[in-house]
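*Asks:* Quick one, query20.cif (mmCIF, C-alpha atoms):
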```cif
data_run
loop_
_atom_site.group_PDB
_atom_site.id
_atom_site.type_symbol
_atom_site.label_atom_id
_atom_site.label_comp_id
_atom_site.auth_asym_id
_atom_site.auth_seq_id
_atom_site.Cartn_x
_atom_site.Cartn_y
_atom_site.Cartn_z
ATOM 1 C CA MET V 1 31.065 20.210 -42.098
ATOM 2 C CA ARG V 2 29.270 16.905 -42.731
ATOM 3 C CA ARG V 3 26.474 15.939 -40.400
ATOM 4 C CA PRO V 4 27.159 12.725 -38.470
ATOM 5 C CA ARG V 5 24.783 9.822 -39.107
ATOM 6 C CA GLY V 6 23.756 6.671 -37.253
ATOM 7 C CA ARG V 7 23.715 5.769 -33.554
ATOM 8 C CA LEU V 8 26.445 8.168 -32.472
ATOM 9 C CA CYS V 9 24.678 11.046 -34.142
ATOM 10 C CA GLY V 10 23.428 12.711 -30.965
ATOM 11 C CA LEU V 11 26.700 12.404 -29.093
ATOM 12 C CA LEU V 12 28.873 13.561 -31.994
ATOM 13 C CA ALA V 13 26.573 16.398 -32.976
ATOM 14 C CA PHE V 14 26.401 17.624 -29.408
ATOM 15 C CA ALA V 15 30.174 17.420 -28.979
ATOM 16 C CA ALA V 16 30.918 19.111 -32.306
ATOM 17 C CA ALA V 17 28.238 21.771 -32.402
ATOM 18 C CA GLY V 18 26.804 21.874 -28.869
ATOM 19 C CA THR V 19 23.380 21.061 -30.254
ATOM 20 C CA LEU V 20 21.329 18.176 -31.626
ATOM 21 C CA ALA V 21 19.672 20.301 -34.302
ATOM 22 C CA GLY V 22 19.892 18.904 -37.822
ATOM 23 C CA CYS V 23 20.942 15.433 -36.689
ATOM 24 C CA VAL V 24 19.651 12.567 -38.837
ATOM 25 C CA VAL V 25 19.265 9.224 -37.092
ATOM 26 C CA GLU V 26 19.179 6.061 -39.155
ATOM 27 C CA ARG V 27 18.385 2.602 -37.821
ATOM 28 C CA PRO V 28 20.998 0.003 -38.699
ATOM 29 C CA ALA V 29 19.733 -2.562 -41.197
ATOM 30 C CA ASP V 30 20.061 -5.406 -38.694
ATOM 31 C CA GLU V 31 17.996 -3.743 -35.908
ATOM 32 C CA ARG V 32 14.397 -4.898 -35.406
ATOM 33 C CA SER V 33 11.505 -2.469 -35.369
ATOM 34 C CA ASP V 34 10.892 -3.209 -31.669
ATOM 35 C CA GLY V 35 14.412 -2.009 -30.815
ATOM 36 C CA LEU V 36 15.686 -5.432 -29.753
ATOM 37 C CA PRO V 37 18.774 -7.009 -31.301
ATOM 38 C CA PRO V 38 18.122 -9.527 -34.082
ATOM 39 C CA GLU V 39 19.172 -12.499 -31.936
ATOM 40 C CA ALA V 40 16.561 -11.747 -29.225
ATOM 41 C CA PRO V 41 13.683 -14.249 -29.174
ATOM 42 C CA ALA V 42 10.258 -13.090 -30.303
ATOM 43 C CA ARG V 43 8.773 -14.465 -27.066
ATOM 44 C CA PHE V 44 10.618 -14.984 -23.785
ATOM 45 C CA ASP V 45 8.336 -17.734 -22.415
ATOM 46 C CA PHE V 46 8.692 -17.070 -18.705
ATOM 47 C CA GLY V 47 5.954 -16.807 -16.130
ATOM 48 C CA ARG V 48 2.607 -18.509 -16.403
ATOM 49 C CA PRO V 49 -0.970 -17.501 -17.181
ATOM 50 C CA ALA V 50 -2.929 -15.993 -14.283
ATOM 51 C CA SER V 51 -5.352 -18.756 -13.289
ATOM 52 C CA ASP V 52 -8.502 -18.019 -11.289
ATOM 53 C CA GLU V 53 -6.818 -19.628 -8.275
ATOM 54 C CA ARG V 54 -3.746 -17.356 -8.583
ATOM 55 C CA VAL V 55 -5.910 -14.256 -8.947
ATOM 56 C CA ALA V 56 -7.905 -15.289 -5.861
ATOM 57 C CA LEU V 57 -4.703 -15.325 -3.803
ATOM 58 C CA TRP V 58 -4.199 -11.611 -4.522
ATOM 59 C CA ASP V 59 -7.850 -10.556 -4.576
ATOM 60 C CA VAL V 60 -8.006 -10.021 -0.832
ATOM 61 C CA ASP V 61 -9.239 -6.461 -0.453
ATOM 62 C CA VAL V 62 -11.561 -5.594 2.402
ATOM 63 C CA LYS V 63 -14.364 -3.113 1.922
ATOM 64 C CA PRO V 64 -15.464 -0.563 4.569
ATOM 65 C CA ASN V 65 -18.577 -2.634 5.399
ATOM 66 C CA GLY V 66 -16.422 -5.674 6.202
ATOM 67 C CA GLU V 67 -17.002 -7.548 2.962
ATOM 68 C CA GLY V 68 -13.847 -9.517 2.245
ATOM 69 C CA LEU V 69 -12.814 -10.010 5.873
ATOM 70 C CA PRO V 70 -11.580 -13.562 6.452
ATOM 71 C CA PRO V 71 -12.866 -15.974 9.088
ATOM 72 C CA GLY V 72 -11.091 -15.956 12.416
ATOM 73 C CA ALA V 73 -10.959 -13.947 15.608
ATOM 74 C CA GLY V 74 -8.485 -12.507 18.074
ATOM 75 C CA SER V 75 -8.744 -10.909 21.493
ATOM 76 C CA VAL V 76 -7.272 -7.586 22.543
ATOM 77 C CA GLU V 77 -5.129 -9.434 25.097
ATOM 78 C CA GLU V 78 -3.729 -11.713 22.371
ATOM 79 C CA GLY V 79 -3.150 -8.575 20.328
ATOM 80 C CA ARG V 80 -0.943 -7.137 23.070
ATOM 81 C CA GLN V 81 1.401 -10.117 22.672
ATOM 82 C CA VAL V 82 1.409 -9.776 18.872
ATOM 83 C CA TYR V 83 2.088 -6.046 19.188
ATOM 84 C CA ASP V 84 4.967 -6.533 21.635
ATOM 85 C CA THR V 85 6.535 -9.139 19.337
ATOM 86 C CA TYR V 86 6.048 -7.588 15.895
ATOM 87 C CA CYS V 87 5.087 -3.911 16.223
ATOM 88 C CA ALA V 88 6.654 -2.225 19.257
ATOM 89 C CA ALA V 89 10.139 -1.903 17.732
ATOM 90 C CA CYS V 90 8.806 0.405 14.997
ATOM 91 C CA HIS V 91 5.784 2.051 16.649
ATOM 92 C CA GLY V 92 6.957 2.238 20.263
ATOM 93 C CA PRO V 93 5.892 0.329 23.375
ATOM 94 C CA SER V 94 2.621 2.259 23.702
ATOM 95 C CA GLY V 95 2.110 3.180 20.035
ATOM 96 C CA THR V 96 2.936 6.838 20.639
ATOM 97 C CA GLU V 97 6.734 6.890 20.513
ATOM 98 C CA GLY V 98 7.712 5.765 17.025
ATOM 99 C CA PRO V 99 10.217 5.953 15.351
ATOM 100 C CA ASN V 100 7.689 5.021 12.640
ATOM 101 C CA GLU V 101 4.094 6.258 12.442
ATOM 102 C CA ARG V 102 2.315 6.813 15.728
ATOM 103 C CA LEU V 103 -0.623 4.467 16.095
ATOM 104 C CA VAL V 104 -2.158 6.046 19.178
ATOM 105 C CA SER V 105 -3.170 9.663 19.433
ATOM 106 C CA SER V 106 -2.154 11.766 22.357
ATOM 107 C CA GLY V 107 -4.443 14.594 21.283
ATOM 108 C CA SER V 108 -8.173 15.191 21.241
ATOM 109 C CA TRP V 109 -10.570 14.202 18.479
ATOM 110 C CA ASP V 110 -10.831 17.793 17.209
ATOM 111 C CA GLN V 111 -7.151 18.015 16.204
ATOM 112 C CA TRP V 112 -7.747 16.402 12.825
ATOM 113 C CA PRO V 113 -5.846 16.173 10.481
ATOM 114 C CA ALA V 114 -2.724 17.277 12.356
ATOM 115 C CA ASP V 115 -2.558 13.870 14.044
ATOM 116 C CA ARG V 116 -2.703 10.893 11.684
ATOM 117 C CA ALA V 117 -2.800 8.237 14.381
ATOM 118 C CA VAL V 118 -5.321 5.430 13.932
ATOM 119 C CA GLY V 119 -8.037 6.894 16.123
ATOM 120 C CA LEU V 120 -7.945 10.359 14.617
ATOM 121 C CA TYR V 121 -7.336 9.629 10.977
ATOM 122 C CA TRP V 122 -8.413 6.193 9.757
ATOM 123 C CA PRO V 123 -12.047 6.225 8.600
ATOM 124 C CA TYR V 124 -12.721 2.458 8.932
ATOM 125 C CA ALA V 125 -11.400 -0.244 11.228
ATOM 126 C CA THR V 126 -11.718 -2.677 8.324
ATOM 127 C CA THR V 127 -9.178 -0.617 6.375
ATOM 128 C CA LEU V 128 -6.774 -0.920 9.289
ATOM 129 C CA PHE V 129 -7.181 -4.708 9.152
ATOM 130 C CA ASP V 130 -6.633 -4.777 5.383
ATOM 131 C CA TYR V 131 -3.507 -2.625 5.563
ATOM 132 C CA THR V 132 -2.040 -4.500 8.522
ATOM 133 C CA ARG V 133 -2.613 -7.894 6.903
ATOM 134 C CA LYS V 134 -0.916 -6.874 3.661
ATOM 135 C CA ALA V 135 1.860 -4.530 4.764
ATOM 136 C CA MET V 136 2.890 -5.426 8.322
ATOM 137 C CA PRO V 137 5.195 -6.165 9.951
ATOM 138 C CA GLN V 138 7.522 -4.053 7.858
ATOM 139 C CA ASN V 139 10.288 -6.654 7.727
ATOM 140 C CA ALA V 140 7.925 -9.512 6.779
ATOM 141 C CA PRO V 141 4.700 -8.131 5.284
ATOM 142 C CA GLY V 142 1.807 -10.562 5.101
ATOM 143 C CA SER V 143 3.389 -13.015 7.554
ATOM 144 C CA LEU V 144 0.808 -12.627 10.348
ATOM 145 C CA SER V 145 -2.101 -15.063 10.487
ATOM 146 C CA ASP V 146 -5.626 -13.671 10.166
ATOM 147 C CA GLU V 147 -6.144 -14.379 13.892
ATOM 148 C CA GLN V 148 -3.009 -12.387 14.759
ATOM 149 C CA VAL V 149 -4.190 -9.496 12.594
ATOM 150 C CA TYR V 150 -7.649 -9.462 14.230
ATOM 151 C CA ALA V 151 -5.948 -9.503 17.626
ATOM 152 C CA VAL V 152 -3.376 -6.757 16.983
ATOM 153 C CA VAL V 153 -5.916 -4.518 15.251
ATOM 154 C CA GLY V 154 -8.189 -4.984 18.283
ATOM 155 C CA TYR V 155 -5.290 -4.063 20.559
ATOM 156 C CA VAL V 156 -4.480 -0.899 18.590
ATOM 157 C CA LEU V 157 -8.162 0.074 18.584
ATOM 158 C CA SER V 158 -8.224 -0.526 22.335
ATOM 159 C CA LEU V 159 -5.157 1.674 22.849
ATOM 160 C CA ASN V 160 -7.099 4.405 21.023
ATOM 161 C CA GLY V 161 -10.109 3.889 23.323
ATOM 162 C CA LEU V 162 -12.314 2.584 20.508
ATOM 163 C CA VAL V 163 -12.958 -0.951 21.776
ATOM 164 C CA ALA V 164 -12.978 -2.427 25.278
ATOM 165 C CA PRO V 165 -9.846 -4.113 26.635
ATOM 166 C CA GLU V 166 -11.756 -7.400 26.865
ATOM 167 C CA ALA V 167 -13.042 -7.224 23.269
ATOM 168 C CA VAL V 168 -12.690 -10.079 20.808
ATOM 169 C CA MET V 169 -12.429 -8.958 17.208
ATOM 170 C CA ASP V 170 -13.855 -10.905 14.290
ATOM 171 C CA SER V 171 -15.412 -9.835 11.005
ATOM 172 C CA ALA V 172 -18.695 -8.682 12.581
ATOM 173 C CA ALA V 173 -17.083 -6.901 15.534
ATOM 174 C CA LEU V 174 -14.511 -5.147 13.361
ATOM 175 C CA ALA V 175 -17.081 -3.942 10.822
ATOM 176 C CA SER V 176 -19.219 -2.510 13.645
ATOM 177 C CA VAL V 177 -16.456 -0.262 15.043
ATOM 178 C CA ARG V 178 -17.374 3.360 14.380
ATOM 179 C CA MET V 179 -14.179 5.315 13.789
ATOM 180 C CA PRO V 180 -14.250 9.007 14.867
ATOM 181 C CA ALA V 181 -12.830 10.155 11.525
ATOM 182 C CA ARG V 182 -15.377 8.311 9.367
ATOM 183 C CA ASP V 183 -17.392 11.399 8.459
ATOM 184 C CA ARG V 184 -14.310 13.531 7.809
ATOM 185 C CA PHE V 185 -13.675 11.834 4.488
ATOM 186 C CA VAL V 186 -15.712 12.686 1.398
ATOM 187 C CA PRO V 187 -16.483 9.815 -0.980
ATOM 188 C CA ASP V 188 -15.210 10.387 -4.504
ATOM 189 C CA ASP V 189 -18.498 10.012 -6.363
ATOM 190 C CA ARG V 190 -17.496 11.963 -9.463
ATOM 191 C CA THR V 191 -18.784 10.698 -12.777
ATOM 192 C CA GLY V 192 -17.903 11.806 -16.272
ATOM 193 C CA GLY V 193 -14.392 12.982 -15.559
ATOM 194 C CA PRO V 194 -12.225 14.699 -12.986
ATOM 195 C CA ARG V 195 -14.370 17.735 -12.254
ATOM 196 C CA ILE V 196 -13.816 19.510 -8.954
ATOM 197 C CA ARG V 197 -16.691 19.680 -6.521
#
```
Since I need it in another form, could you write the structure as structure tokens?

*Replies:*
Amino acid sequence: MRRPRGRLCGLLAFAAAGTLAGCVVERPADERSDGLPPEAPARFDFGRPASDERVALWDVDVKPNGEGLPPGAGSVEEGRQVYDTYCAACHGPSGTEGPNERLVSSGSWDQWPADRAVGLYWPYATTLFDYTRKAMPQNAPGSLSDEQVYAVVGYVLSLNGLVAPEAVMDSAALASVRMPARDRFVPDDRTGGPRIR
């Protein structure tokens, strides 16, 4: 029996012999080395170079010490209104019901990590701000203003008993919040490869 050659080699060999062993694949003369058809352009010319201004739009991470937090402020009371409008449908009226992640713990601080609510699990309030600003609300991520994010983060922290109900959150106030789970995380300070500590 002759061995099939060319593009149908694998399919024919498998069908005929139940195996791909001994199959020789040859590239057609008109196929390019990059696998594209000969009529495909060498360069597609779409998009644009990443300017410093464009990169700055996406370089918005916030560090645990608050570096990178934007200007602005929001009160816990304003945060209640933001929460009721944008968050309650997914996280429940009090943050404990769901259907999505619970934001408020109903347990005690020593139940970690069984409860991943904000108060028991998140190590930094600044991380909560960063995540909320980028990923919430779920149906329109990134649509809240910085003032709305400060306010709703303050409200969620207040629901967890971590800031006073009359608090106003800004970059300094948020960075000064000491989260109960902060010392439960171990910094990854490995150097020289992925050795296990």

*Asks:* Using the chain letters and residue numbers of this document, give as a list in words the residues selected by the PyMOL selection byres ((chain V and resi 54-69) around 10).

*Replies:*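 On the file shown, the PyMOL selection byres ((chain V and resi 54-69) around 10) covers Pro49, Ala50, Ser51, Asp52, Glu53, Pro70, Pro71, Gly72, Pro123, Tyr124, Ala125, Thr126, Thr127, Leu128, Phe129, Asp130, Tyr131, Arg133, Lys134, Asp146, Tyr150, Asp170, Ser171, Ala172, Ala173, Leu174, Ala175 and Ser176 of chain V.
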
*Asks:* For those residues, write C-alpha atoms to a file as a compact mmCIF listing (two decimals), in the coordinates of the input.

*Replies:*
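Saved file selection.txt follows:
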```
# COMPACT_ATOMS: atom_id res chain seq x y z
CA PRO V 49 -0.97 -17.50 -17.18
CA ALA V 50 -2.93 -15.99 -14.28
CA SER V 51 -5.35 -18.76 -13.29
CA ASP V 52 -8.50 -18.02 -11.29
CA GLU V 53 -6.82 -19.63 -8.28
CA PRO V 70 -11.58 -13.56 6.45
CA PRO V 71 -12.87 -15.97 9.09
CA GLY V 72 -11.09 -15.96 12.42
CA PRO V 123 -12.05 6.22 8.60
CA TYR V 124 -12.72 2.46 8.93
CA ALA V 125 -11.40 -0.24 11.23
CA THR V 126 -11.72 -2.68 8.32
CA THR V 127 -9.18 -0.62 6.38
CA LEU V 128 -6.77 -0.92 9.29
CA PHE V 129 -7.18 -4.71 9.15
CA ASP V 130 -6.63 -4.78 5.38
CA TYR V 131 -3.51 -2.62 5.56
CA ARG V 133 -2.61 -7.89 6.90
CA LYS V 134 -0.92 -6.87 3.66
CA ASP V 146 -5.63 -13.67 10.17
CA TYR V 150 -7.65 -9.46 14.23
CA ASP V 170 -13.86 -10.90 14.29
CA SER V 171 -15.41 -9.84 11.00
CA ALA V 172 -18.70 -8.68 12.58
CA ALA V 173 -17.08 -6.90 15.53
CA LEU V 174 -14.51 -5.15 13.36
CA ALA V 175 -17.08 -3.94 10.82
CA SER V 176 -19.22 -2.51 13.64
```

*Asks:* In Å, with one decimal, what is the gap from CA of Ser94 (chain V) to CA of Arg182 (chain V)?

*Replies:* 23.8 Å

*Asks:* What does the distance from CA of Ala88 (chain V) to CA of Leu120 (chain V) come to in Å, to one decimal?

*Replies:*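 Those two atoms sit 19.8 Å apart.
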
*Asks:* Can you tell me, as a PyMOL selection string, what residues are no more than 9 Å from Val76 (chain V) when counting all atoms listed in the file, ignoring any on the same chain fewer than 5 positions away?

*Replies:* chain V and resi 150-158+163-169

*Asks:* Mind pulling up the distance from CA of Thr85 (chain V) to CA of Asn139 (chain V)?

*Replies:*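 A separation of 12.5 Å between them.
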
*Asks:* Translate the PyMOL selection byres ((chain V and resi 121) around 9), as applied to the file shown, into an explicit residue set as an NGL selection string.

*Replies:* :V and (112-113 or 115-120 or 122-123 or 179-182 or 184)

*Asks:* For each of V:Arg178, V:Ala40, V:Gln138, V:Cys90, take the minimum atom-to-atom distance to Arg102 (chain V), counting all atoms listed in the file, then give the residue where this is smallest.

*Replies:* V:Cys90

*Asks:* Rank V:Gly192, V:Pro187, V:Val149, V:Glu101 by their smallest atom-to-atom distance to Gly79 (chain V), using all atoms listed in the file, and report the top residue only.

*Replies:*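 Closest to Gly79 (chain V), using all atoms listed in the file: V:Val149.
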
*Asks:* Report the centre and edge lengths, in Å to one decimal, of an axis-aligned box enclosing every atom of region 131-135 of chain V listed in the file, padded by 8 Å on each side, as AutoDock Vina command-line options.

*Replies:*
```
--center_x -0.8 --center_y -5.3 --center_z 6.1 --size_x 21.4 --size_y 21.3 --size_z 20.9
```

*Asks:* Rank V:Tyr86, V:Arg80, V:Ser75, V:Thr191 by their smallest atom-to-atom distance to Gly142 (chain V), using only C-alpha atoms, and report the top residue only.

*Replies:*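 Comparing V:Tyr86, V:Arg80, V:Ser75, V:Thr191 against Gly142 (chain V), the winner is V:Tyr86.
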
*Asks:* Kindly add N, CA and C atoms to the incomplete region 60-90 of chain V and provide the output as a PDB file, in the frame of the given file.

*Replies:*
```pdb
ATOM      1  N   VAL V  60      -7.698  -9.922  -2.253  1.00  0.00           N
ATOM      2  CA  VAL V  60      -8.006 -10.021  -0.832  1.00  0.00           C
ATOM      3  C   VAL V  60      -8.329  -8.656  -0.226  1.00  0.00           C
ATOM      4  N   ASP V  61      -8.920  -7.769  -1.000  1.00  0.00           N
ATOM      5  CA  ASP V  61      -9.239  -6.461  -0.453  1.00  0.00           C
ATOM      6  C   ASP V  61     -10.446  -6.557   0.477  1.00  0.00           C
ATOM      7  N   VAL V  62     -10.487  -5.655   1.431  1.00  0.00           N
ATOM      8  CA  VAL V  62     -11.561  -5.594   2.402  1.00  0.00           C
ATOM      9  C   VAL V  62     -12.280  -4.269   2.231  1.00  0.00           C
ATOM     10  N   LYS V  63     -13.575  -4.331   2.122  1.00  0.00           N
ATOM     11  CA  LYS V  63     -14.364  -3.113   1.922  1.00  0.00           C
ATOM     12  C   LYS V  63     -14.734  -2.500   3.279  1.00  0.00           C
ATOM     13  N   PRO V  64     -15.123  -1.223   3.305  1.00  0.00           N
ATOM     14  CA  PRO V  64     -15.464  -0.563   4.569  1.00  0.00           C
ATOM     15  C   PRO V  64     -16.545  -1.290   5.372  1.00  0.00           C
ATOM     16  N   ASN V  65     -17.500  -1.945   4.686  1.00  0.00           N
ATOM     17  CA  ASN V  65     -18.577  -2.634   5.399  1.00  0.00           C
ATOM     18  C   ASN V  65     -18.162  -4.004   5.920  1.00  0.00           C
ATOM     19  N   GLY V  66     -16.911  -4.391   5.706  1.00  0.00           N
ATOM     20  CA  GLY V  66     -16.422  -5.674   6.202  1.00  0.00           C
ATOM     21  C   GLY V  66     -16.419  -6.778   5.166  1.00  0.00           C
ATOM     22  N   GLU V  67     -17.018  -6.532   4.009  1.00  0.00           N
ATOM     23  CA  GLU V  67     -17.002  -7.548   2.962  1.00  0.00           C
ATOM     24  C   GLU V  67     -15.550  -7.850   2.587  1.00  0.00           C
ATOM     25  N   GLY V  68     -15.204  -9.111   2.567  1.00  0.00           N
ATOM     26  CA  GLY V  68     -13.847  -9.517   2.245  1.00  0.00           C
ATOM     27  C   GLY V  68     -13.014  -9.879   3.466  1.00  0.00           C
ATOM     28  N   LEU V  69     -13.548  -9.607   4.671  1.00  0.00           N
ATOM     29  CA  LEU V  69     -12.814 -10.010   5.873  1.00  0.00           C
ATOM     30  C   LEU V  69     -12.793 -11.526   5.963  1.00  0.00           C
ATOM     31  N   PRO V  70     -11.676 -12.113   6.368  1.00  0.00           N
ATOM     32  CA  PRO V  70     -11.580 -13.562   6.452  1.00  0.00           C
ATOM     33  C   PRO V  70     -12.207 -14.089   7.741  1.00  0.00           C
ATOM     34  N   PRO V  71     -12.439 -15.409   7.809  1.00  0.00           N
ATOM     35  CA  PRO V  71     -12.866 -15.974   9.088  1.00  0.00           C
ATOM     36  C   PRO V  71     -11.735 -15.880  10.107  1.00  0.00           C
ATOM     37  N   GLY V  72     -12.094 -16.016  11.355  1.00  0.00           N
ATOM     38  CA  GLY V  72     -11.091 -15.956  12.416  1.00  0.00           C
ATOM     39  C   GLY V  72     -11.470 -14.926  13.448  1.00  0.00           C
ATOM     40  N   ALA V  73     -10.715 -14.890  14.527  1.00  0.00           N
ATOM     41  CA  ALA V  73     -10.959 -13.947  15.608  1.00  0.00           C
ATOM     42  C   ALA V  73      -9.698 -13.821  16.441  1.00  0.00           C
ATOM     43  N   GLY V  74      -9.607 -12.726  17.175  1.00  0.00           N
ATOM     44  CA  GLY V  74      -8.485 -12.507  18.074  1.00  0.00           C
ATOM     45  C   GLY V  74      -8.875 -11.524  19.157  1.00  0.00           C
ATOM     46  N   SER V  75      -8.409 -11.782  20.370  1.00  0.00           N
ATOM     47  CA  SER V  75      -8.744 -10.909  21.493  1.00  0.00           C
ATOM     48  C   SER V  75      -7.742  -9.764  21.612  1.00  0.00           C
ATOM     49  N   VAL V  76      -8.159  -8.719  22.300  1.00  0.00           N
ATOM     50  CA  VAL V  76      -7.272  -7.586  22.543  1.00  0.00           C
ATOM     51  C   VAL V  76      -6.050  -8.056  23.330  1.00  0.00           C
ATOM     52  N   GLU V  77      -6.260  -8.937  24.300  1.00  0.00           N
ATOM     53  CA  GLU V  77      -5.129  -9.434  25.097  1.00  0.00           C
ATOM     54  C   GLU V  77      -4.140 -10.205  24.232  1.00  0.00           C
ATOM     55  N   GLU V  78      -4.630 -11.033  23.315  1.00  0.00           N
ATOM     56  CA  GLU V  78      -3.729 -11.713  22.371  1.00  0.00           C
ATOM     57  C   GLU V  78      -3.014 -10.691  21.496  1.00  0.00           C
ATOM     58  N   GLY V  79      -3.728  -9.628  21.152  1.00  0.00           N
ATOM     59  CA  GLY V  79      -3.150  -8.575  20.328  1.00  0.00           C
ATOM     60  C   GLY V  79      -1.997  -7.865  21.002  1.00  0.00           C
ATOM     61  N   ARG V  80      -2.053  -7.749  22.328  1.00  0.00           N
ATOM     62  CA  ARG V  80      -0.943  -7.137  23.070  1.00  0.00           C
ATOM     63  C   ARG V  80       0.339  -7.948  22.851  1.00  0.00           C
ATOM     64  N   GLN V  81       0.232  -9.255  22.880  1.00  0.00           N
ATOM     65  CA  GLN V  81       1.401 -10.117  22.672  1.00  0.00           C
ATOM     66  C   GLN V  81       1.919  -9.989  21.241  1.00  0.00           C
ATOM     67  N   VAL V  82       0.999  -9.950  20.269  1.00  0.00           N
ATOM     68  CA  VAL V  82       1.409  -9.776  18.872  1.00  0.00           C
ATOM     69  C   VAL V  82       2.098  -8.426  18.704  1.00  0.00           C
ATOM     70  N   TYR V  83       1.517  -7.392  19.288  1.00  0.00           N
ATOM     71  CA  TYR V  83       2.088  -6.046  19.188  1.00  0.00           C
ATOM     72  C   TYR V  83       3.493  -6.004  19.774  1.00  0.00           C
ATOM     73  N   ASP V  84       3.653  -6.552  20.986  1.00  0.00           N
ATOM     74  CA  ASP V  84       4.967  -6.533  21.635  1.00  0.00           C
ATOM     75  C   ASP V  84       6.012  -7.267  20.800  1.00  0.00           C
ATOM     76  N   THR V  85       5.596  -8.330  20.120  1.00  0.00           N
ATOM     77  CA  THR V  85       6.535  -9.139  19.337  1.00  0.00           C
ATOM     78  C   THR V  85       6.865  -8.515  17.988  1.00  0.00           C
ATOM     79  N   TYR V  86       5.861  -7.995  17.293  1.00  0.00           N
ATOM     80  CA  TYR V  86       6.048  -7.588  15.895  1.00  0.00           C
ATOM     81  C   TYR V  86       5.955  -6.091  15.626  1.00  0.00           C
ATOM     82  N   CYS V  87       5.403  -5.304  16.546  1.00  0.00           N
ATOM     83  CA  CYS V  87       5.087  -3.911  16.223  1.00  0.00           C
ATOM     84  C   CYS V  87       5.834  -2.878  17.056  1.00  0.00           C
ATOM     85  N   ALA V  88       6.122  -3.219  18.325  1.00  0.00           N
ATOM     86  CA  ALA V  88       6.654  -2.225  19.257  1.00  0.00           C
ATOM     87  C   ALA V  88       7.989  -1.637  18.814  1.00  0.00           C
ATOM     88  N   ALA V  89       8.823  -2.417  18.145  1.00  0.00           N
ATOM     89  CA  ALA V  89      10.139  -1.903  17.732  1.00  0.00           C
ATOM     90  C   ALA V  89      10.008  -0.715  16.788  1.00  0.00           C
ATOM     91  N   CYS V  90       8.984  -0.698  15.964  1.00  0.00           N
ATOM     92  CA  CYS V  90       8.806   0.405  14.997  1.00  0.00           C
ATOM     93  C   CYS V  90       7.846   1.483  15.502  1.00  0.00           C
TER      94      CYS V  90
END
```
